[in-house]
Structure formats: C-alpha cells, structure tokens
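Visitor: Input: one structure, supplied below.
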Amino acid sequence: MNVTSARSSRAGGKAETKPAARRPSGGLTLTEQAYVELEELISTLQLPPGAFLSEMALAQQLGFGRTPIREALQRLARDGLVVVAPRRGILVSEINLKAQLRLLETRRVLESLLARLAAERGDAAERARFAELARGMRAAAEASDDIAFMRLDRDFNQLVVAAARNEFAARAMANMTALSRRFWYQHYREVGDLSLSATLHAEVAEAIAARDAAAAAAASDRLMDYIESFARKTLDV
C-alpha cells in the first residue's frame, strides 16, 4: 500500500494530482515537515505494518525532494516506526504488544517527571498553549475526531518536552510517543475510549497551565494507568 492509494481511499477513490514541490513553512524545515506527514501516515495505519517504502515514490507523492524524505525516514527508523532491512529495503515496523508494555514502564516515569517540570518551568506563552490544547482535546473528543486528537496529542507531547527544559529526558522520550500513538490508533475502536483519553490528557495540560506541579504529576500517573490498562485489554481483542 502506498501513500497515493491510501489518500485516494480517503477521498472516495478519486485520483489525486501530484502536489507541488514543498517549501519550508511554519518554522519547520522540509525534513521536519516530511517527518510529521510520514509519522501521521504510519501512526494512522495508512502506511500499515509491513508496508514497503520507496524514497522516490514518497518524494513524488508527498511533494518533497528525496533528501528530506531520506532524512525523515532515518529519524523514523530511530523512532522504531520503520526498519531498514538489508537487501529488502525500508518497511514499516510491526506492532508488538510486549515491546509496548516495556515502553510504558519507561514512559510512566518520564511522563510524570516531565509533567512536573513543565508545570514548574513553563513560561506564560507555554501555559496559555497548554490551556488551548486542553480545550482542543475536549472538543475533538466531543466531535469524535480521532485524527484531530492525535495531532493535538503530538503537539502536547512536544510542548511538555519543551517546557520541561531537560534535554536528557527529551532524548529519552523522543522515540516513544509516536509508537504509542500508532498502538493507540490501531486498537482504540475496540478497547479504547476517545472521550476518556482526551479528558485524561486535558487534565495534565490544565494542571501544567495552572503551574500545579503535584497535580500535573498525579494527572500524568492517572493517564499512564489508563494507557497501560488499554494496552493490556488488547490481549483480548
């Protein structure tokens, strides 16, 4: 399955024309833009586990040069979302429940630390953005808009890391959040609860916005309790 077929299916089967070449925008480099788009396609299973990826095809279909695509794929490989297989090429990684549970063991500790630090160290603009993200997450849940929620979740994770001002924790978190988003998207319709997930995320954001470090850490622990319970429920699917 390639990007063209995935996007055609979303558009009701209509073929799409090749997009114009991209330019840097929104403060992101072309590589960062390519990463964001590819990460979303993988996380939402439009590029499913096991799919083979071609640098040239992705560049043509997404409107990027091959260098941004190559660099984005290298980052996705570091994040565990793609695998570079000798003599086979690049393919989307499989989803592994046991690996997800090991990831959550580490993520729980880091999430609590980062939430506490973000509440203590975030500036006024960041706190305002946390409040905005919380409102957006609740609205996405009310609208049952899973894609909007995932995009807000990505922004939330990036903002927590930025506001925490701890580069070591940031590096440790870098390859966890995208894997978690993909796992959630794969299973949330069967065992998840979009409203509950959005509410728990919003409570962390609201506590950080209020500069309440203890409440932020406690809200983070509640969120991780839900995420771990969610992961274990997939065993019954």
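Please note that chains go A, B, ... in the order of the structure tokens, that every chain numbers its residues from 1, and that ligands are numbered from 1 in the order shown.
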What are the closest atom pairs, with distances in Å to one decimal, for all residues of segment 165-216 of chain A lying within 8 Å of segment 103-113 of chain A? Consider only C-alpha atoms, order rows by chain and residue number, and present the result as a Markdown table.

Guide:
```
| residue | atom | partner | partner_atom | distance |
| --- | --- | --- | --- | --- |
| A:Ala169 | CA | A:Leu110 | CA | 6.7 |
| A:Met173 | CA | A:Arg107 | CA | 7.2 |
| A:Met176 | CA | A:Leu103 | CA | 6.9 |
| A:Ala216 | CA | A:Ser112 | CA | 7.6 |
```

Visitor: For the residues selected in the previous step, produce a file with N, CA and C atoms as a PDB file, in the first residue's frame.

Guide:
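That gives us again-v1.pdb:
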```
ATOM      1  N   ALA A 169      15.848  14.041  29.423  1.00  0.00           N
ATOM      2  CA  ALA A 169      14.520  13.426  29.399  1.00  0.00           C
ATOM      3  C   ALA A 169      13.908  13.537  28.016  1.00  0.00           C
ATOM      4  N   MET A 173      12.455  10.463  25.637  1.00  0.00           N
ATOM      5  CA  MET A 173      11.064  10.413  25.210  1.00  0.00           C
ATOM      6  C   MET A 173      10.903  10.414  23.701  1.00  0.00           C
ATOM      7  N   MET A 176       9.398   7.367  21.847  1.00  0.00           N
ATOM      8  CA  MET A 176       8.308   6.629  22.495  1.00  0.00           C
ATOM      9  C   MET A 176       6.921   7.091  22.059  1.00  0.00           C
ATOM     10  N   ALA A 216      -0.049  18.038  38.232  1.00  0.00           N
ATOM     11  CA  ALA A 216       0.375  17.603  36.905  1.00  0.00           C
ATOM     12  C   ALA A 216       0.952  16.203  36.951  1.00  0.00           C
TER      13      ALA A 216
END
```

Visitor: Segment 16-187 of chain A: which residues are strand (DSSP E or B) by DSSP, as a list in words?

Guide: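 Assigned to strand (DSSP E or B), within segment 16-187 of chain A: Ser25, Leu28, Phe52, Leu53, Val82, Val83, Val84, Ala85, Gly89, Ile90, Leu91 and Val92 of chain A.
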
Visitor: May I have the residues within 12 Å of Leu38 of chain A as a VMD selection string, using only C-alpha atoms and disregarding those fewer than 5 positions away in the same chain?

Guide: chain A and resid 2 to 3 31 to 33 43 to 48 53 55 58 to 59 61 to 62 64 68 to 77 81 to 82 92 178

Visitor: Would you save the residues of that selection, restricted to N, CA and C atoms, as a compact mmCIF listing (two decimals), in the first residue's frame?

Guide:
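again_16.txt, written as the output of this step:
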```txt
# COMPACT_ATOMS: atom_id res chain seq x y z
N ASN A 2 0.62 2.20 -0.90
CA ASN A 2 1.42 3.42 -0.91
C ASN A 2 0.59 4.61 -0.51
N VAL A 3 1.25 5.77 -0.45
CA VAL A 3 0.56 6.97 0.01
C VAL A 3 -0.57 7.36 -0.92
N THR A 31 12.69 18.63 6.08
CA THR A 31 12.82 17.32 6.71
C THR A 31 11.82 17.17 7.84
N GLU A 32 11.63 18.20 8.65
CA GLU A 32 10.67 18.14 9.75
C GLU A 32 9.24 17.99 9.22
N GLN A 33 8.93 18.73 8.14
CA GLN A 33 7.60 18.59 7.54
C GLN A 33 7.38 17.18 7.02
N SER A 43 1.28 6.32 11.84
CA SER A 43 0.55 6.22 13.11
C SER A 43 -0.93 5.94 12.89
N THR A 44 -1.49 6.44 11.79
CA THR A 44 -2.90 6.21 11.48
C THR A 44 -3.11 5.00 10.57
N LEU A 45 -2.05 4.22 10.37
CA LEU A 45 -2.10 2.95 9.65
C LEU A 45 -2.44 3.10 8.18
N GLN A 46 -2.33 4.33 7.65
CA GLN A 46 -2.47 4.49 6.20
C GLN A 46 -1.27 3.87 5.49
N LEU A 47 -0.14 3.86 6.18
CA LEU A 47 1.01 3.05 5.79
C LEU A 47 1.11 1.96 6.85
N PRO A 48 0.57 0.78 6.59
CA PRO A 48 0.40 -0.24 7.64
C PRO A 48 1.69 -0.99 7.93
N LEU A 53 8.48 0.86 1.68
CA LEU A 53 8.51 2.28 1.37
C LEU A 53 9.61 2.58 0.37
N GLU A 55 11.79 5.72 -1.27
CA GLU A 55 12.13 7.14 -1.16
C GLU A 55 11.60 7.91 -2.36
N LEU A 58 7.69 8.16 -2.34
CA LEU A 58 7.22 9.06 -1.29
C LEU A 58 7.52 10.51 -1.65
N ALA A 59 8.69 10.76 -2.21
CA ALA A 59 9.05 12.12 -2.61
C ALA A 59 8.07 12.64 -3.65
N GLN A 61 4.96 11.53 -4.33
CA GLN A 61 3.58 11.56 -3.87
C GLN A 61 3.32 12.64 -2.83
N LEU A 62 4.34 12.95 -2.01
CA LEU A 62 4.15 13.97 -0.98
C LEU A 62 4.67 15.34 -1.39
N PHE A 64 7.94 16.29 -1.79
CA PHE A 64 9.22 16.66 -1.19
C PHE A 64 10.36 16.19 -2.09
N PRO A 68 14.92 15.38 1.98
CA PRO A 68 14.06 15.44 3.18
C PRO A 68 13.39 14.12 3.50
N ILE A 69 12.96 13.38 2.46
CA ILE A 69 12.33 12.08 2.69
C ILE A 69 13.33 11.12 3.31
N ARG A 70 14.55 11.08 2.77
CA ARG A 70 15.56 10.17 3.29
C ARG A 70 15.87 10.50 4.76
N GLU A 71 16.02 11.78 5.06
CA GLU A 71 16.34 12.17 6.43
C GLU A 71 15.17 11.90 7.38
N ALA A 72 13.95 12.09 6.88
CA ALA A 72 12.77 11.79 7.70
C ALA A 72 12.68 10.29 7.98
N LEU A 73 12.98 9.47 6.99
CA LEU A 73 12.96 8.02 7.19
C LEU A 73 14.03 7.57 8.17
N GLN A 74 15.18 8.24 8.13
CA GLN A 74 16.23 7.92 9.10
C GLN A 74 15.76 8.20 10.52
N ARG A 75 15.05 9.32 10.70
CA ARG A 75 14.51 9.64 12.03
C ARG A 75 13.42 8.65 12.42
N LEU A 76 12.58 8.27 11.47
CA LEU A 76 11.53 7.29 11.76
C LEU A 76 12.13 5.94 12.15
N ALA A 77 13.27 5.61 11.55
CA ALA A 77 13.96 4.37 11.92
C ALA A 77 14.46 4.46 13.35
N LEU A 81 9.62 3.27 14.00
CA LEU A 81 8.43 3.17 13.15
C LEU A 81 8.73 2.54 11.80
N VAL A 82 9.96 2.61 11.35
CA VAL A 82 10.36 1.91 10.13
C VAL A 82 11.62 1.11 10.41
N VAL A 92 7.65 -0.50 7.05
CA VAL A 92 7.02 -0.05 8.29
C VAL A 92 7.12 -1.17 9.32
N ALA A 178 5.52 8.46 19.30
CA ALA A 178 4.94 8.06 18.02
C ALA A 178 4.53 6.59 18.04
```

Visitor: Could you pull out the helix (DSSP H, G or I) residues of segment 1-231 of chain A from DSSP and send them as a PyMOL selection string?

Guide: chain A and resi 3-10+30-43+55-62+66-79+97-121+124-142+146-164+167-173+177-191+194-209+213-231

Visitor: I'd like the contact shell of Lys98 of chain A - 12 Å cut-off, only C-alpha atoms, skipping same-chain residues fewer than 2 positions apart - returned as a VMD selection string.

Guide: chain A and resid 94 to 96 100 to 105 183 228 231 to 232 234 to 235

Visitor: In Å, rounded to a single decimal, give me how far atom CA of Leu117 of chain A is from atom CA of Ala172 of chain A.

Guide: 15.1 Å

Visitor: Residues within 7 Å of segment 123-129 of chain A, please, as a list in words. Count only C-alpha atoms; anything in the same chain fewer than 2 positions from it doesn't count.

Guide: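 Here the answer would be Arg121, Ala131, Glu132, Leu133, Ala163, Ile208 and Ala209 of chain A.
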
Visitor: Hey, can you spit out that residue selection with N, CA and C atoms as an mmCIF file, in the first residue's frame?

Guide:
```
data_model
loop_
_atom_site.group_PDB
_atom_site.id
_atom_site.type_symbol
_atom_site.label_atom_id
_atom_site.label_comp_id
_atom_site.auth_asym_id
_atom_site.auth_seq_id
_atom_site.Cartn_x
_atom_site.Cartn_y
_atom_site.Cartn_z
ATOM 1 N N ARG A 121 8.506 24.987 35.125
ATOM 2 C CA ARG A 121 9.418 25.774 34.291
ATOM 3 C C ARG A 121 8.770 26.420 33.074
ATOM 4 N N ALA A 131 -3.362 25.335 27.994
ATOM 5 C CA ALA A 131 -4.794 25.521 28.202
ATOM 6 C C ALA A 131 -5.554 25.395 26.884
ATOM 7 N N GLU A 132 -4.968 25.938 25.821
ATOM 8 C CA GLU A 132 -5.586 25.845 24.491
ATOM 9 C C GLU A 132 -5.649 24.391 24.019
ATOM 10 N N LEU A 133 -4.577 23.645 24.239
ATOM 11 C CA LEU A 133 -4.558 22.241 23.845
ATOM 12 C C LEU A 133 -5.606 21.438 24.610
ATOM 13 N N ALA A 163 8.734 22.612 27.465
ATOM 14 C CA ALA A 163 8.528 23.376 28.694
ATOM 15 C C ALA A 163 9.314 22.799 29.865
ATOM 16 N N ILE A 208 -0.661 21.671 34.232
ATOM 17 C CA ILE A 208 0.560 22.385 33.848
ATOM 18 C C ILE A 208 0.253 23.864 33.629
ATOM 19 N N ALA A 209 -0.863 24.148 32.953
ATOM 20 C CA ALA A 209 -1.252 25.540 32.714
ATOM 21 C C ALA A 209 -1.451 26.300 34.027
#
```

Visitor: Between A:Ala219, A:Ile42, A:Leu30, A:Met224, which residue has the minimum interatomic distance to Asp79 of chain A, considering only C-alpha atoms?

Guide: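 Once distances to Asp79 of chain A are computed over only C-alpha atoms, the minimum belongs to A:Ile42.
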
Visitor: One decimal, in Å: what's the spacing between atom CA of Ala210 of chain A and atom CA of Ala118 of chain A?

Guide: 10.7 Å

Visitor: Using only C-alpha atoms, can you tell me which of A:Met150, A:Ala217, A:Leu159, A:Ala140 comes closest to Val36 of chain A?

Guide: A:Met150
